[in-house]
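This report concerns only the one structure given below.
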Amino acid sequence: MKQIIAAFLMVMIISPVLKAAESGGAVGYTGYRIQLMPMMAPYMTANGLRYEVLTVRLRLPEPEARILTGSTDAERPGCWMIPIIHEKILMYLNEANLTQADLRGQGREDLRKNLFDAVIRASDRSLYVDLDIVDGNSEPIEMSNDPRSTALTKQCR
(Lines give C-alpha, C1' and ligand atoms only; values in the text may rest on other atoms or scores of the structure.)
Protein backbone atom coordinates (compact mmCIF):
# COMPACT_ATOMS: atom_id res chain seq x y z
CA MET A 1 0.00 0.00 0.00
CA LYS A 2 2.83 2.40 0.84
CA GLN A 3 4.44 1.72 -2.52
CA ILE A 4 1.21 2.57 -4.35
CA ILE A 5 0.90 5.84 -2.46
CA ALA A 6 4.56 6.67 -3.10
CA ALA A 7 4.15 5.91 -6.83
CA PHE A 8 1.01 8.07 -6.97
CA LEU A 9 2.81 10.99 -5.30
CA MET A 10 5.75 10.67 -7.69
CA VAL A 11 3.38 10.80 -10.68
CA MET A 12 1.69 13.89 -9.22
CA ILE A 13 5.03 15.62 -8.73
CA ILE A 14 6.59 14.66 -12.08
CA SER A 15 3.58 15.18 -14.41
CA PRO A 16 3.60 19.04 -14.34
CA VAL A 17 7.33 19.01 -15.09
CA LEU A 18 6.85 16.66 -18.04
CA LYS A 19 3.89 18.66 -19.33
CA ALA A 20 5.92 21.88 -19.22
CA ALA A 21 8.85 20.19 -20.95
CA GLU A 22 6.58 18.86 -23.72
CA SER A 23 5.06 22.27 -24.33
CA GLY A 24 8.47 23.94 -24.36
CA GLY A 25 7.69 26.10 -21.34
CA ALA A 26 9.96 26.57 -18.38
CA VAL A 27 8.73 25.17 -15.10
CA GLY A 28 7.78 27.93 -12.69
CA TYR A 29 7.83 30.72 -15.26
CA THR A 30 4.51 30.35 -17.02
CA GLY A 31 2.22 31.80 -14.36
CA TYR A 32 0.11 34.92 -14.54
CA ARG A 33 1.72 38.36 -14.62
CA ILE A 34 0.83 41.54 -12.76
CA GLN A 35 2.08 44.77 -14.31
CA LEU A 36 2.76 47.59 -11.88
CA MET A 37 2.13 51.23 -12.69
CA PRO A 38 5.07 52.88 -14.46
CA MET A 39 7.55 54.59 -12.15
CA MET A 40 10.30 57.14 -12.60
CA ALA A 41 13.79 55.82 -11.89
CA PRO A 42 16.30 58.58 -11.04
CA TYR A 43 19.81 58.20 -12.45
CA MET A 44 22.87 60.44 -12.52
CA THR A 45 24.54 61.73 -15.68
CA ALA A 46 27.32 64.22 -16.29
CA ASN A 47 24.59 66.86 -16.75
CA GLY A 48 22.86 66.06 -13.46
CA LEU A 49 19.88 64.03 -12.37
CA ARG A 50 17.65 62.47 -15.04
CA TYR A 51 14.70 60.11 -14.91
CA GLU A 52 13.72 57.07 -16.93
CA VAL A 53 10.32 55.42 -16.90
CA LEU A 54 10.42 51.81 -15.67
CA THR A 55 7.51 49.42 -15.87
CA VAL A 56 7.78 46.22 -13.88
CA ARG A 57 5.86 42.96 -14.25
CA LEU A 58 5.76 40.40 -11.45
CA ARG A 59 5.17 36.78 -12.35
CA LEU A 60 3.05 34.62 -10.05
CA PRO A 61 3.76 30.90 -9.63
CA GLU A 62 2.02 28.62 -12.08
CA PRO A 63 -1.04 26.75 -10.74
CA GLU A 64 0.69 23.32 -10.74
CA ALA A 65 3.59 24.66 -8.68
CA ARG A 66 1.19 26.17 -6.15
CA ILE A 67 -0.55 22.82 -5.71
CA LEU A 68 2.77 21.01 -5.19
CA THR A 69 3.91 23.48 -2.54
CA GLY A 70 0.59 23.38 -0.73
CA SER A 71 -0.27 27.00 -1.48
CA THR A 72 -3.53 26.84 -3.38
CA ASP A 73 -3.96 30.57 -3.88
CA ALA A 74 -0.98 32.82 -4.53
CA GLU A 75 -2.97 35.33 -6.55
CA ARG A 76 -4.82 36.95 -3.66
CA PRO A 77 -1.85 37.59 -1.33
CA GLY A 78 0.30 38.48 -4.34
CA CYS A 79 -2.31 41.03 -5.37
CA TRP A 80 -2.66 42.47 -1.86
CA MET A 81 1.10 42.98 -1.67
CA ILE A 82 1.31 45.06 -4.88
CA PRO A 83 1.02 48.52 -3.20
CA ILE A 84 3.74 47.57 -0.72
CA ILE A 85 5.92 46.07 -3.46
CA HIS A 86 5.49 49.20 -5.58
CA GLU A 87 6.61 51.38 -2.67
CA LYS A 88 9.62 49.15 -1.91
CA ILE A 89 10.72 49.29 -5.56
CA LEU A 90 10.43 53.09 -5.54
CA MET A 91 12.45 53.26 -2.31
CA TYR A 92 15.11 50.99 -3.79
CA LEU A 93 15.34 53.08 -6.97
CA ASN A 94 15.67 56.26 -4.92
CA GLU A 95 18.46 54.86 -2.72
CA ALA A 96 20.35 52.92 -5.43
CA ASN A 97 22.22 55.93 -6.93
CA LEU A 98 21.77 54.54 -10.44
CA THR A 99 23.75 55.64 -13.45
CA GLN A 100 22.82 55.47 -17.11
CA ALA A 101 24.83 52.23 -17.41
CA ASP A 102 22.54 50.61 -14.81
CA LEU A 103 19.60 51.02 -17.18
CA ARG A 104 21.24 49.44 -20.25
CA GLY A 105 22.60 45.98 -21.13
CA GLN A 106 24.07 43.94 -18.29
CA GLY A 107 23.40 46.76 -15.83
CA ARG A 108 19.67 46.42 -16.56
CA GLU A 109 19.83 42.67 -15.86
CA ASP A 110 21.62 43.38 -12.56
CA LEU A 111 18.97 45.98 -11.75
CA ARG A 112 16.25 43.40 -12.46
CA LYS A 113 17.88 40.93 -10.06
CA ASN A 114 18.27 43.60 -7.37
CA LEU A 115 14.65 44.69 -7.76
CA PHE A 116 13.48 41.08 -7.45
CA ASP A 117 15.58 40.70 -4.29
CA ALA A 118 13.89 43.82 -2.89
CA VAL A 119 10.48 42.35 -3.76
CA ILE A 120 11.32 39.07 -2.01
CA ARG A 121 12.60 40.91 1.09
CA ALA A 122 9.33 42.86 1.23
CA SER A 123 7.07 39.86 0.68
CA ASP A 124 7.69 36.13 0.41
CA ARG A 125 9.41 33.88 -2.11
CA SER A 126 6.22 31.84 -2.59
CA LEU A 127 4.24 34.83 -3.92
CA TYR A 128 6.36 35.75 -6.95
CA VAL A 129 8.74 33.72 -9.11
CA ASP A 130 10.20 36.38 -11.38
CA LEU A 131 10.31 40.06 -12.23
CA ASP A 132 10.58 41.61 -15.68
CA ILE A 133 11.48 45.17 -16.56
CA VAL A 134 9.28 46.02 -19.52
CA ASP A 135 10.67 47.94 -22.46
CA GLY A 136 9.11 49.24 -25.65
CA ASN A 137 9.64 45.93 -27.45
CA SER A 138 7.79 43.85 -24.85
CA GLU A 139 4.49 42.22 -25.68
CA PRO A 140 1.69 44.14 -23.96
CA ILE A 141 -0.65 42.37 -21.58
CA GLU A 142 -3.98 42.48 -23.39
CA MET A 143 -7.30 40.76 -22.94
CA SER A 144 -6.86 38.91 -26.25
CA ASN A 145 -3.51 37.29 -25.42
CA ASP A 146 -3.67 36.91 -21.61
CA PRO A 147 -7.10 37.60 -20.07
CA ARG A 148 -6.23 36.48 -16.50
CA SER A 149 -3.08 38.63 -16.32
CA THR A 150 -5.06 41.59 -17.69
CA ALA A 151 -7.71 41.13 -15.00
CA LEU A 152 -5.11 40.77 -12.24
CA THR A 153 -3.22 43.85 -13.43
CA LYS A 154 -6.42 45.93 -13.30
CA GLN A 155 -7.54 44.55 -9.93
CA CYS A 156 -4.22 44.77 -8.13
CA ARG A 157 -3.22 48.35 -8.92
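In the C-alpha coordinates, the first chain shown is A, the next is B, and so on; residue numbers restart at 1 for each chain, and ligands run from 1 in the order shown.
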Near A:Asn114, counting only C-alpha atoms, which residues have an atom at most 12 Å away, once you skip same-chain residues fewer than 6 positions from it, shown as a PDB file with N, CA and C atoms, in the first residue's frame?
ATOM      1  N   LYS A  88       8.266  49.647  -2.164  1.00  0.00           N
ATOM      2  CA  LYS A  88       9.624  49.145  -1.915  1.00  0.00           C
ATOM      3  C   LYS A  88      10.514  49.306  -3.146  1.00  0.00           C
ATOM      4  N   ILE A  89       9.943  49.097  -4.333  1.00  0.00           N
ATOM      5  CA  ILE A  89      10.720  49.291  -5.562  1.00  0.00           C
ATOM      6  C   ILE A  89      11.090  50.763  -5.713  1.00  0.00           C
ATOM      7  N   TYR A  92      13.854  51.533  -3.307  1.00  0.00           N
ATOM      8  CA  TYR A  92      15.114  50.987  -3.793  1.00  0.00           C
ATOM      9  C   TYR A  92      15.695  51.864  -4.892  1.00  0.00           C
ATOM     10  N   LEU A  93      14.860  52.252  -5.858  1.00  0.00           N
ATOM     11  CA  LEU A  93      15.337  53.083  -6.968  1.00  0.00           C
ATOM     12  C   LEU A  93      15.868  54.419  -6.473  1.00  0.00           C
ATOM     13  N   ALA A  96      19.352  53.704  -4.699  1.00  0.00           N
ATOM     14  CA  ALA A  96      20.353  52.922  -5.427  1.00  0.00           C
ATOM     15  C   ALA A  96      21.441  53.755  -6.093  1.00  0.00           C
ATOM     16  N   LEU A  98      21.577  55.137  -9.121  1.00  0.00           N
ATOM     17  CA  LEU A  98      21.768  54.537 -10.438  1.00  0.00           C
ATOM     18  C   LEU A  98      22.498  55.486 -11.385  1.00  0.00           C
ATOM     19  N   ASP A 102      23.393  51.546 -15.554  1.00  0.00           N
ATOM     20  CA  ASP A 102      22.542  50.612 -14.813  1.00  0.00           C
ATOM     21  C   ASP A 102      21.221  50.345 -15.512  1.00  0.00           C
ATOM     22  N   GLY A 107      23.826  45.988 -16.995  1.00  0.00           N
ATOM     23  CA  GLY A 107      23.395  46.763 -15.835  1.00  0.00           C
ATOM     24  C   GLY A 107      21.898  46.648 -15.595  1.00  0.00           C
ATOM     25  N   ARG A 108      21.132  46.579 -16.676  1.00  0.00           N
ATOM     26  CA  ARG A 108      19.671  46.421 -16.565  1.00  0.00           C
ATOM     27  C   ARG A 108      19.317  45.051 -15.989  1.00  0.00           C
ATOM     28  N   ILE A 120      11.334  40.250  -2.876  1.00  0.00           N
ATOM     29  CA  ILE A 120      11.317  39.068  -2.009  1.00  0.00           C
ATOM     30  C   ILE A 120      11.532  39.471  -0.547  1.00  0.00           C
ATOM     31  N   ARG A 121      12.395  40.435  -0.291  1.00  0.00           N
ATOM     32  CA  ARG A 121      12.595  40.906   1.088  1.00  0.00           C
ATOM     33  C   ARG A 121      11.326  41.536   1.643  1.00  0.00           C
ATOM     34  N   ASP A 130       9.304  35.637 -10.512  1.00  0.00           N
ATOM     35  CA  ASP A 130      10.200  36.380 -11.385  1.00  0.00           C
ATOM     36  C   ASP A 130       9.717  37.815 -11.510  1.00  0.00           C
ATOM     37  N   LEU A 131      10.610  38.656 -11.990  1.00  0.00           N
ATOM     38  CA  LEU A 131      10.312  40.057 -12.225  1.00  0.00           C
ATOM     39  C   LEU A 131      10.884  40.418 -13.586  1.00  0.00           C
ATOM     40  N   ASP A 132      10.123  41.140 -14.380  1.00  0.00           N
ATOM     41  CA  ASP A 132      10.581  41.612 -15.683  1.00  0.00           C
ATOM     42  C   ASP A 132      10.506  43.126 -15.707  1.00  0.00           C
ATOM     43  N   ILE A 133      11.531  43.743 -16.281  1.00  0.00           N
ATOM     44  CA  ILE A 133      11.478  45.175 -16.558  1.00  0.00           C
ATOM     45  C   ILE A 133      11.028  45.299 -17.999  1.00  0.00           C
TER      46      ILE A 133
END
Could you pull out the residues in stretch 36-135 of chain A that DSSP calls helix (DSSP H, G or I) from the backbone, as a PyMOL selection string?
chain A and resi 63-69+75-80+82-95+100-103+105-122
